[in-house]
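Okay, work22.pdb is below, PDB, C-alpha atoms:
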```pdb
ATOM      1  CA  MET A   1     110.886  96.061  91.105  1.00  0.00           C
ATOM      2  CA  ASN A   2     111.222  98.344  94.112  1.00  0.00           C
ATOM      3  CA  GLU A   3     109.120 101.482  94.510  1.00  0.00           C
ATOM      4  CA  SER A   4     111.793 103.877  93.206  1.00  0.00           C
ATOM      5  CA  GLU A   5     111.934 101.968  89.903  1.00  0.00           C
ATOM      6  CA  HIS A   6     108.293 102.666  89.085  1.00  0.00           C
ATOM      7  CA  PRO A   7     107.693 105.629  86.791  1.00  0.00           C
ATOM      8  CA  ILE A   8     105.512 108.297  88.402  1.00  0.00           C
ATOM      9  CA  ILE A   9     102.752 110.188  86.644  1.00  0.00           C
ATOM     10  CA  LEU A  10     101.822 113.596  88.051  1.00  0.00           C
ATOM     11  CA  PHE A  11      98.441 114.843  86.837  1.00  0.00           C
ATOM     12  CA  ASP A  12      96.030 117.708  87.490  1.00  0.00           C
ATOM     13  CA  GLY A  13      93.834 116.403  90.289  1.00  0.00           C
ATOM     14  CA  GLU A  14      91.052 118.916  89.551  1.00  0.00           C
ATOM     15  CA  CYS A  15      90.699 118.129  85.847  1.00  0.00           C
ATOM     16  CA  GLN A  16      88.015 115.649  84.767  1.00  0.00           C
ATOM     17  CA  PHE A  17      89.947 114.756  81.615  1.00  0.00           C
ATOM     18  CA  CYS A  18      93.146 114.162  83.611  1.00  0.00           C
ATOM     19  CA  ASP A  19      91.280 112.025  86.145  1.00  0.00           C
ATOM     20  CA  ARG A  20      89.756 109.942  83.353  1.00  0.00           C
ATOM     21  CA  THR A  21      93.178 109.602  81.772  1.00  0.00           C
ATOM     22  CA  ALA A  22      94.685 108.401  85.071  1.00  0.00           C
ATOM     23  CA  ASN A  23      91.850 105.868  85.417  1.00  0.00           C
ATOM     24  CA  PHE A  24      92.417 104.720  81.829  1.00  0.00           C
ATOM     25  CA  ILE A  25      96.115 104.192  82.560  1.00  0.00           C
ATOM     26  CA  ILE A  26      95.292 102.261  85.736  1.00  0.00           C
ATOM     27  CA  LYS A  27      92.834 100.057  83.826  1.00  0.00           C
ATOM     28  CA  TYR A  28      95.336  99.103  81.128  1.00  0.00           C
ATOM     29  CA  ASP A  29      98.446  99.011  83.314  1.00  0.00           C
ATOM     30  CA  LYS A  30      98.110  95.296  84.018  1.00  0.00           C
ATOM     31  CA  ARG A  31     101.577  95.100  85.610  1.00  0.00           C
ATOM     32  CA  ALA A  32     100.831  97.948  88.067  1.00  0.00           C
ATOM     33  CA  TYR A  33     103.952  99.589  86.633  1.00  0.00           C
ATOM     34  CA  PHE A  34     103.018 103.245  87.122  1.00  0.00           C
ATOM     35  CA  ARG A  35     102.625 105.252  90.325  1.00  0.00           C
ATOM     36  CA  PHE A  36     100.496 108.391  90.546  1.00  0.00           C
ATOM     37  CA  ALA A  37     100.176 111.698  92.384  1.00  0.00           C
ATOM     38  CA  SER A  38      98.200 114.817  91.656  1.00  0.00           C
ATOM     39  CA  LEU A  39     100.221 117.913  90.869  1.00  0.00           C
ATOM     40  CA  GLN A  40      98.433 119.647  93.757  1.00  0.00           C
ATOM     41  CA  SER A  41      99.237 116.972  96.372  1.00  0.00           C
ATOM     42  CA  SER A  42     102.121 117.254  98.811  1.00  0.00           C
ATOM     43  CA  ALA A  43     103.909 114.392  97.017  1.00  0.00           C
ATOM     44  CA  GLY A  44     103.329 116.072  93.652  1.00  0.00           C
ATOM     45  CA  GLN A  45     104.527 119.450  94.920  1.00  0.00           C
ATOM     46  CA  LYS A  46     107.627 117.863  96.419  1.00  0.00           C
ATOM     47  CA  LEU A  47     108.499 116.191  93.101  1.00  0.00           C
ATOM     48  CA  LEU A  48     107.876 119.397  91.154  1.00  0.00           C
ATOM     49  CA  LYS A  49     110.282 121.232  93.467  1.00  0.00           C
ATOM     50  CA  LYS A  50     112.853 118.437  93.189  1.00  0.00           C
ATOM     51  CA  PHE A  51     112.944 118.881  89.408  1.00  0.00           C
ATOM     52  CA  ASP A  52     112.686 122.686  89.610  1.00  0.00           C
ATOM     53  CA  LEU A  53     109.325 122.699  87.824  1.00  0.00           C
ATOM     54  CA  PRO A  54     106.580 125.295  88.470  1.00  0.00           C
ATOM     55  CA  THR A  55     104.427 124.374  91.456  1.00  0.00           C
ATOM     56  CA  ASP A  56     101.430 126.435  90.337  1.00  0.00           C
ATOM     57  CA  ASP A  57     101.077 125.476  86.662  1.00  0.00           C
ATOM     58  CA  PHE A  58      98.935 122.390  86.219  1.00  0.00           C
ATOM     59  CA  SER A  59      98.604 122.503  82.423  1.00  0.00           C
ATOM     60  CA  SER A  60     100.826 119.477  81.791  1.00  0.00           C
ATOM     61  CA  PHE A  61     101.186 116.138  83.354  1.00  0.00           C
ATOM     62  CA  VAL A  62     104.672 115.008  84.249  1.00  0.00           C
ATOM     63  CA  TYR A  63     106.259 111.600  83.707  1.00  0.00           C
ATOM     64  CA  ILE A  64     109.116 110.910  86.105  1.00  0.00           C
ATOM     65  CA  ASN A  65     111.445 107.971  85.663  1.00  0.00           C
ATOM     66  CA  LYS A  66     114.236 107.772  88.212  1.00  0.00           C
ATOM     67  CA  GLU A  67     116.091 111.088  87.948  1.00  0.00           C
ATOM     68  CA  SER A  68     114.565 112.254  84.655  1.00  0.00           C
ATOM     69  CA  TYR A  69     111.266 113.949  83.925  1.00  0.00           C
ATOM     70  CA  TYR A  70     109.232 114.548  80.783  1.00  0.00           C
ATOM     71  CA  THR A  71     106.228 116.750  80.108  1.00  0.00           C
ATOM     72  CA  LYS A  72     103.472 117.292  77.571  1.00  0.00           C
ATOM     73  CA  SER A  73     103.415 115.036  74.488  1.00  0.00           C
ATOM     74  CA  THR A  74     106.669 113.279  75.375  1.00  0.00           C
ATOM     75  CA  ALA A  75     105.208 112.273  78.749  1.00  0.00           C
ATOM     76  CA  ALA A  76     102.046 110.989  77.065  1.00  0.00           C
ATOM     77  CA  LEU A  77     104.012 108.936  74.563  1.00  0.00           C
ATOM     78  CA  LEU A  78     106.199 107.422  77.279  1.00  0.00           C
ATOM     79  CA  VAL A  79     103.063 106.357  79.128  1.00  0.00           C
ATOM     80  CA  SER A  80     101.718 104.701  75.970  1.00  0.00           C
ATOM     81  CA  LYS A  81     105.018 102.848  75.607  1.00  0.00           C
ATOM     82  CA  GLY A  82     104.652 101.429  79.119  1.00  0.00           C
ATOM     83  CA  LEU A  83     101.013 100.352  78.837  1.00  0.00           C
ATOM     84  CA  GLY A  84     101.099  97.326  76.625  1.00  0.00           C
ATOM     85  CA  LYS A  85     101.173  96.092  73.071  1.00  0.00           C
ATOM     86  CA  GLN A  86      97.953  97.723  71.890  1.00  0.00           C
ATOM     87  CA  PHE A  87      99.148 101.194  73.002  1.00  0.00           C
ATOM     88  CA  ARG A  88     102.894 100.827  72.463  1.00  0.00           C
ATOM     89  CA  ILE A  89     102.503 101.618  68.766  1.00  0.00           C
ATOM     90  CA  LEU A  90     101.534 105.198  69.691  1.00  0.00           C
ATOM     91  CA  TYR A  91     105.058 105.697  70.991  1.00  0.00           C
ATOM     92  CA  TYR A  92     106.298 105.798  67.412  1.00  0.00           C
ATOM     93  CA  LEU A  93     104.738 109.256  67.144  1.00  0.00           C
ATOM     94  CA  ILE A  94     107.886 110.333  68.996  1.00  0.00           C
ATOM     95  CA  ILE A  95     109.491 110.733  65.553  1.00  0.00           C
ATOM     96  CA  ILE A  96     107.351 113.853  65.037  1.00  0.00           C
ATOM     97  CA  PRO A  97     109.362 116.836  66.292  1.00  0.00           C
ATOM     98  CA  ARG A  98     108.380 117.744  69.848  1.00  0.00           C
ATOM     99  CA  PRO A  99     107.324 121.331  69.060  1.00  0.00           C
ATOM    100  CA  LEU A 100     104.782 120.011  66.553  1.00  0.00           C
ATOM    101  CA  ARG A 101     103.491 117.321  68.941  1.00  0.00           C
ATOM    102  CA  ASP A 102     103.222 119.854  71.749  1.00  0.00           C
ATOM    103  CA  ILE A 103     101.000 122.189  69.694  1.00  0.00           C
ATOM    104  CA  LEU A 104      98.204 119.606  69.837  1.00  0.00           C
ATOM    105  CA  TYR A 105      98.964 118.802  73.466  1.00  0.00           C
ATOM    106  CA  GLN A 106      98.802 122.484  74.463  1.00  0.00           C
ATOM    107  CA  PHE A 107      95.529 122.983  72.565  1.00  0.00           C
ATOM    108  CA  ILE A 108      93.906 120.156  74.532  1.00  0.00           C
ATOM    109  CA  ALA A 109      95.453 121.320  77.825  1.00  0.00           C
ATOM    110  CA  LYS A 110      94.232 124.880  77.280  1.00  0.00           C
ATOM    111  CA  ASN A 111      90.638 123.724  76.691  1.00  0.00           C
ATOM    112  CA  ARG A 112      90.392 120.733  79.040  1.00  0.00           C
ATOM    113  CA  TYR A 113      88.362 122.500  81.769  1.00  0.00           C
ATOM    114  CA  LYS A 114      85.983 124.003  79.196  1.00  0.00           C
ATOM    115  CA  TRP A 115      85.454 120.675  77.430  1.00  0.00           C
ATOM    116  CA  PHE A 116      85.544 118.238  80.358  1.00  0.00           C
ATOM    117  CA  GLY A 117      85.052 120.376  83.472  1.00  0.00           C
ATOM    118  CA  LYS A 118      86.637 120.434  86.903  1.00  0.00           C
ATOM    119  CA  LYS A 119      86.088 117.818  89.559  1.00  0.00           C
ATOM    120  CA  GLU A 120      83.833 118.820  92.415  1.00  0.00           C
ATOM    121  CA  GLU A 121      85.045 116.024  94.666  1.00  0.00           C
ATOM    122  CA  CYS A 122      87.947 113.619  94.884  1.00  0.00           C
ATOM    123  CA  THR A 123      87.677 110.136  93.460  1.00  0.00           C
ATOM    124  CA  ILE A 124      88.196 107.542  96.177  1.00  0.00           C
ATOM    125  CA  PRO A 125      90.120 104.632  94.684  1.00  0.00           C
ATOM    126  CA  SER A 126      89.929 101.076  95.980  1.00  0.00           C
ATOM    127  CA  PRO A 127      92.580 100.083  98.545  1.00  0.00           C
ATOM    128  CA  GLU A 128      94.455  98.125  95.861  1.00  0.00           C
ATOM    129  CA  ILE A 129      94.653 101.130  93.565  1.00  0.00           C
ATOM    130  CA  ARG A 130      95.275 103.549  96.438  1.00  0.00           C
ATOM    131  CA  LYS A 131      98.608 101.770  97.054  1.00  0.00           C
ATOM    132  CA  ARG A 132      99.762 103.072  93.671  1.00  0.00           C
ATOM    133  CA  PHE A 133      99.211 106.712  94.690  1.00  0.00           C
ATOM    134  CA  LEU A 134     101.955 108.685  96.407  1.00  0.00           C
ATOM    135  CA  THR A 135     100.947 110.716  99.439  1.00  0.00           C
TER     136      THR A 135
END
```
Can you give me the file's structure in the form of structure tokens?
Amino acid sequence: MNESEHPIILFDGECQFCDRTANFIIKYDKRAYFRFASLQSSAGQKLLKKFDLPTDDFSSFVYINKESYYTKSTAALLVSKGLGKQFRILYYLIIIPRPLRDILYQFIAKNRYKWFGKKEECTIPSPEIRKRFLT
């Protein structure tokens, strides 16, 4: 699989919850399938511009697969589908209409800093994991 065939996850690099979620995905992504970039990074900003998405709204993570992108609950469910058998079952929640799924997603996104806080410093990943991050 070449680099352009790996789905990319853009996440809020200042959010503790988002950072923990990215680390969770890395832990369970045994095939090293996903690539990552923070929404605030130059790579993240470039991808946001490419898809004509806001470059100053970090309330949703973005799942990019080739020339398509997904946000909010759809992005989360697509990640679960790509993680492995024990998480793939969550993808079936896709049958719930997106507006209903996104209500819960938006509630968590709105409160994530209050509940989990902001990062004071960047996490420094190991060299092996760092290769999975876009710069």
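With only the atoms specified (all atoms listed in the file) counting, those residues at most 7 Å away from (106.0, 118.4, 86.0) are Leu10, Leu48, Leu53, Ser60, Phe61, Val62 and Thr71 of chain A.
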To one decimal in Å, tell me the separation between CA of Pro127 in chain A and CA of Leu78 in chain A.
26.3 Å
So that I can see what lies close to Ile94 in chain A, please list as a PyMOL selection string the residues with an atom at most 9 Å from it, counting all atoms listed in the file and leaving out residues fewer than 6 positions away in the same chain.
chain A and resi 73-74+77-78+101
With a cut-off of 10 Å, could you pull out the residues of range 60-108 of chain A touching range 23-47 of chain A and give me the nearest pair of atoms for each, distance in Å to one decimal, using all atoms listed in the file, ordered by chain and ascending number, as JSON lines?
```
{"residue": "A:Ser60", "atom": "CA", "partner": "A:Leu39", "partner_atom": "CA", "distance": 9.2}
{"residue": "A:Phe61", "atom": "CA", "partner": "A:Leu39", "partner_atom": "CA", "distance": 7.8}
{"residue": "A:Val62", "atom": "CA", "partner": "A:Leu39", "partner_atom": "CA", "distance": 8.5}
{"residue": "A:Tyr63", "atom": "CA", "partner": "A:Phe36", "partner_atom": "CA", "distance": 9.5}
{"residue": "A:Ile64", "atom": "CA", "partner": "A:Leu47", "partner_atom": "CA", "distance": 8.8}
{"residue": "A:Asn65", "atom": "CA", "partner": "A:Phe34", "partner_atom": "CA", "distance": 9.8}
{"residue": "A:Tyr69", "atom": "CA", "partner": "A:Leu47", "partner_atom": "CA", "distance": 9.8}
{"residue": "A:Val79", "atom": "CA", "partner": "A:Ile25", "partner_atom": "CA", "distance": 8.0}
{"residue": "A:Ser80", "atom": "CA", "partner": "A:Ile25", "partner_atom": "CA", "distance": 8.7}
{"residue": "A:Gly82", "atom": "CA", "partner": "A:Tyr33", "partner_atom": "CA", "distance": 7.8}
{"residue": "A:Leu83", "atom": "CA", "partner": "A:Asp29", "partner_atom": "CA", "distance": 5.3}
{"residue": "A:Gly84", "atom": "CA", "partner": "A:Asp29", "partner_atom": "CA", "distance": 7.4}
{"residue": "A:Gln86", "atom": "CA", "partner": "A:Tyr28", "partner_atom": "CA", "distance": 9.7}
{"residue": "A:Phe87", "atom": "CA", "partner": "A:Tyr28", "partner_atom": "CA", "distance": 9.2}
```
Is it possible to get the residues within 8 Å of (115.5, 106.7, 91.7) (coordinates as in the file, counting only C-alpha atoms) written as number ranges by chain?
A: 4-5, 65-67
Shortest interatomic distance to Lys72 in chain A - which of A:Asp52, A:Asp19, A:Asp102, A:Asp57, counting only C-alpha atoms
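Counting only C-alpha atoms, the residue closest to Lys72 in chain A is A:Asp102.
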How would you write, as a ChimeraX atom specification, the residues chosen by the PyMOL selection byres ((chain A and resi 113-119) around 10) on this structure?
/A:12-20,108-112,120-123
Quick one: pull the distance between CA of Arg132 in chain A and CA of Ser68 in chain A, Å, one decimal.
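Separation between CA of Arg132 in chain A and CA of Ser68 in chain A: 19.6 Å.
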To one decimal in Å, tell me the separation between CA of Leu93 in chain A and CA of Phe11 in chain A.
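Spanning CA of Leu93 in chain A to CA of Phe11 in chain A is a straight-line distance of 21.4 Å.
With only C-alpha atoms as the atoms that count, the residue of A:Thr21, A:Ala75, A:Asp56, A:Ile95 with the shortest distance to Ile8 in chain A is A:Ala75.
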Can you rebuild range 37-56 of chain A with N, CA, C and O atoms and give it as a PDB file, in the frame of the given file?
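Below is the file that was written, selection_4.pdb:
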```pdb
ATOM      1  N   ALA A  37     100.414 110.649  91.390  1.00  0.00           N
ATOM      2  CA  ALA A  37     100.176 111.698  92.384  1.00  0.00           C
ATOM      3  C   ALA A  37      99.581 112.882  91.638  1.00  0.00           C
ATOM      4  O   ALA A  37      99.918 113.129  90.471  1.00  0.00           O
ATOM      5  N   SER A  38      98.701 113.599  92.296  1.00  0.00           N
ATOM      6  CA  SER A  38      98.200 114.817  91.656  1.00  0.00           C
ATOM      7  C   SER A  38      99.264 115.898  91.788  1.00  0.00           C
ATOM      8  O   SER A  38     100.074 115.890  92.723  1.00  0.00           O
ATOM      9  N   LEU A  39      99.276 116.798  90.837  1.00  0.00           N
ATOM     10  CA  LEU A  39     100.221 117.913  90.869  1.00  0.00           C
ATOM     11  C   LEU A  39     100.007 118.766  92.115  1.00  0.00           C
ATOM     12  O   LEU A  39     100.947 119.355  92.645  1.00  0.00           O
ATOM     13  N   GLN A  40      98.766 118.814  92.607  1.00  0.00           N
ATOM     14  CA  GLN A  40      98.433 119.647  93.757  1.00  0.00           C
ATOM     15  C   GLN A  40      98.760 118.989  95.098  1.00  0.00           C
ATOM     16  O   GLN A  40      98.804 119.664  96.121  1.00  0.00           O
ATOM     17  N   SER A  41      98.993 117.692  95.110  1.00  0.00           N
ATOM     18  CA  SER A  41      99.237 116.972  96.372  1.00  0.00           C
ATOM     19  C   SER A  41     100.606 117.316  96.944  1.00  0.00           C
ATOM     20  O   SER A  41     101.480 117.836  96.241  1.00  0.00           O
ATOM     21  N   SER A  42     100.808 116.986  98.211  1.00  0.00           N
ATOM     22  CA  SER A  42     102.121 117.254  98.811  1.00  0.00           C
ATOM     23  C   SER A  42     103.213 116.446  98.117  1.00  0.00           C
ATOM     24  O   SER A  42     104.310 116.958  97.880  1.00  0.00           O
ATOM     25  N   ALA A  43     102.916 115.201  97.740  1.00  0.00           N
ATOM     26  CA  ALA A  43     103.909 114.392  97.017  1.00  0.00           C
ATOM     27  C   ALA A  43     104.195 115.005  95.651  1.00  0.00           C
ATOM     28  O   ALA A  43     105.355 115.082  95.224  1.00  0.00           O
ATOM     29  N   GLY A  44     103.152 115.451  94.957  1.00  0.00           N
ATOM     30  CA  GLY A  44     103.329 116.072  93.652  1.00  0.00           C
ATOM     31  C   GLY A  44     104.131 117.363  93.745  1.00  0.00           C
ATOM     32  O   GLY A  44     105.048 117.604  92.957  1.00  0.00           O
ATOM     33  N   GLN A  45     103.808 118.184  94.732  1.00  0.00           N
ATOM     34  CA  GLN A  45     104.527 119.450  94.920  1.00  0.00           C
ATOM     35  C   GLN A  45     105.999 119.200  95.251  1.00  0.00           C
ATOM     36  O   GLN A  45     106.882 119.883  94.742  1.00  0.00           O
ATOM     37  N   LYS A  46     106.244 118.196  96.055  1.00  0.00           N
ATOM     38  CA  LYS A  46     107.627 117.863  96.419  1.00  0.00           C
ATOM     39  C   LYS A  46     108.424 117.442  95.180  1.00  0.00           C
ATOM     40  O   LYS A  46     109.578 117.858  94.998  1.00  0.00           O
ATOM     41  N   LEU A  47     107.813 116.632  94.323  1.00  0.00           N
ATOM     42  CA  LEU A  47     108.499 116.191  93.101  1.00  0.00           C
ATOM     43  C   LEU A  47     108.693 117.348  92.124  1.00  0.00           C
ATOM     44  O   LEU A  47     109.738 117.445  91.475  1.00  0.00           O
ATOM     45  N   LEU A  48     107.711 118.234  92.016  1.00  0.00           N
ATOM     46  CA  LEU A  48     107.876 119.397  91.154  1.00  0.00           C
ATOM     47  C   LEU A  48     109.058 120.247  91.614  1.00  0.00           C
ATOM     48  O   LEU A  48     109.869 120.688  90.804  1.00  0.00           O
ATOM     49  N   LYS A  49     109.159 120.451  92.917  1.00  0.00           N
ATOM     50  CA  LYS A  49     110.282 121.232  93.467  1.00  0.00           C
ATOM     51  C   LYS A  49     111.608 120.518  93.219  1.00  0.00           C
ATOM     52  O   LYS A  49     112.599 121.158  92.870  1.00  0.00           O
ATOM     53  N   LYS A  50     111.623 119.204  93.396  1.00  0.00           N
ATOM     54  CA  LYS A  50     112.853 118.437  93.189  1.00  0.00           C
ATOM     55  C   LYS A  50     113.407 118.654  91.783  1.00  0.00           C
ATOM     56  O   LYS A  50     114.617 118.764  91.593  1.00  0.00           O
ATOM     57  N   PHE A  51     112.513 118.723  90.794  1.00  0.00           N
ATOM     58  CA  PHE A  51     112.944 118.881  89.408  1.00  0.00           C
ATOM     59  C   PHE A  51     112.899 120.338  88.945  1.00  0.00           C
ATOM     60  O   PHE A  51     113.037 120.621  87.764  1.00  0.00           O
ATOM     61  N   ASP A  52     112.708 121.243  89.893  1.00  0.00           N
ATOM     62  CA  ASP A  52     112.686 122.686  89.610  1.00  0.00           C
ATOM     63  C   ASP A  52     111.629 123.034  88.562  1.00  0.00           C
ATOM     64  O   ASP A  52     111.870 123.824  87.652  1.00  0.00           O
ATOM     65  N   LEU A  53     110.457 122.424  88.703  1.00  0.00           N
ATOM     66  CA  LEU A  53     109.325 122.699  87.824  1.00  0.00           C
ATOM     67  C   LEU A  53     108.346 123.624  88.549  1.00  0.00           C
ATOM     68  O   LEU A  53     108.306 123.634  89.782  1.00  0.00           O
ATOM     69  N   PRO A  54     107.546 124.397  87.817  1.00  0.00           N
ATOM     70  CA  PRO A  54     106.580 125.295  88.470  1.00  0.00           C
ATOM     71  C   PRO A  54     105.608 124.517  89.345  1.00  0.00           C
ATOM     72  O   PRO A  54     105.102 123.468  88.946  1.00  0.00           O
ATOM     73  N   THR A  55     105.335 125.041  90.523  1.00  0.00           N
ATOM     74  CA  THR A  55     104.427 124.374  91.456  1.00  0.00           C
ATOM     75  C   THR A  55     103.005 124.920  91.373  1.00  0.00           C
ATOM     76  O   THR A  55     102.138 124.475  92.125  1.00  0.00           O
ATOM     77  N   ASP A  56     102.768 125.852  90.465  1.00  0.00           N
ATOM     78  CA  ASP A  56     101.430 126.435  90.337  1.00  0.00           C
ATOM     79  C   ASP A  56     100.881 126.371  88.917  1.00  0.00           C
ATOM     80  O   ASP A  56      99.859 126.964  88.605  1.00  0.00           O
TER      81      ASP A  56
END
```
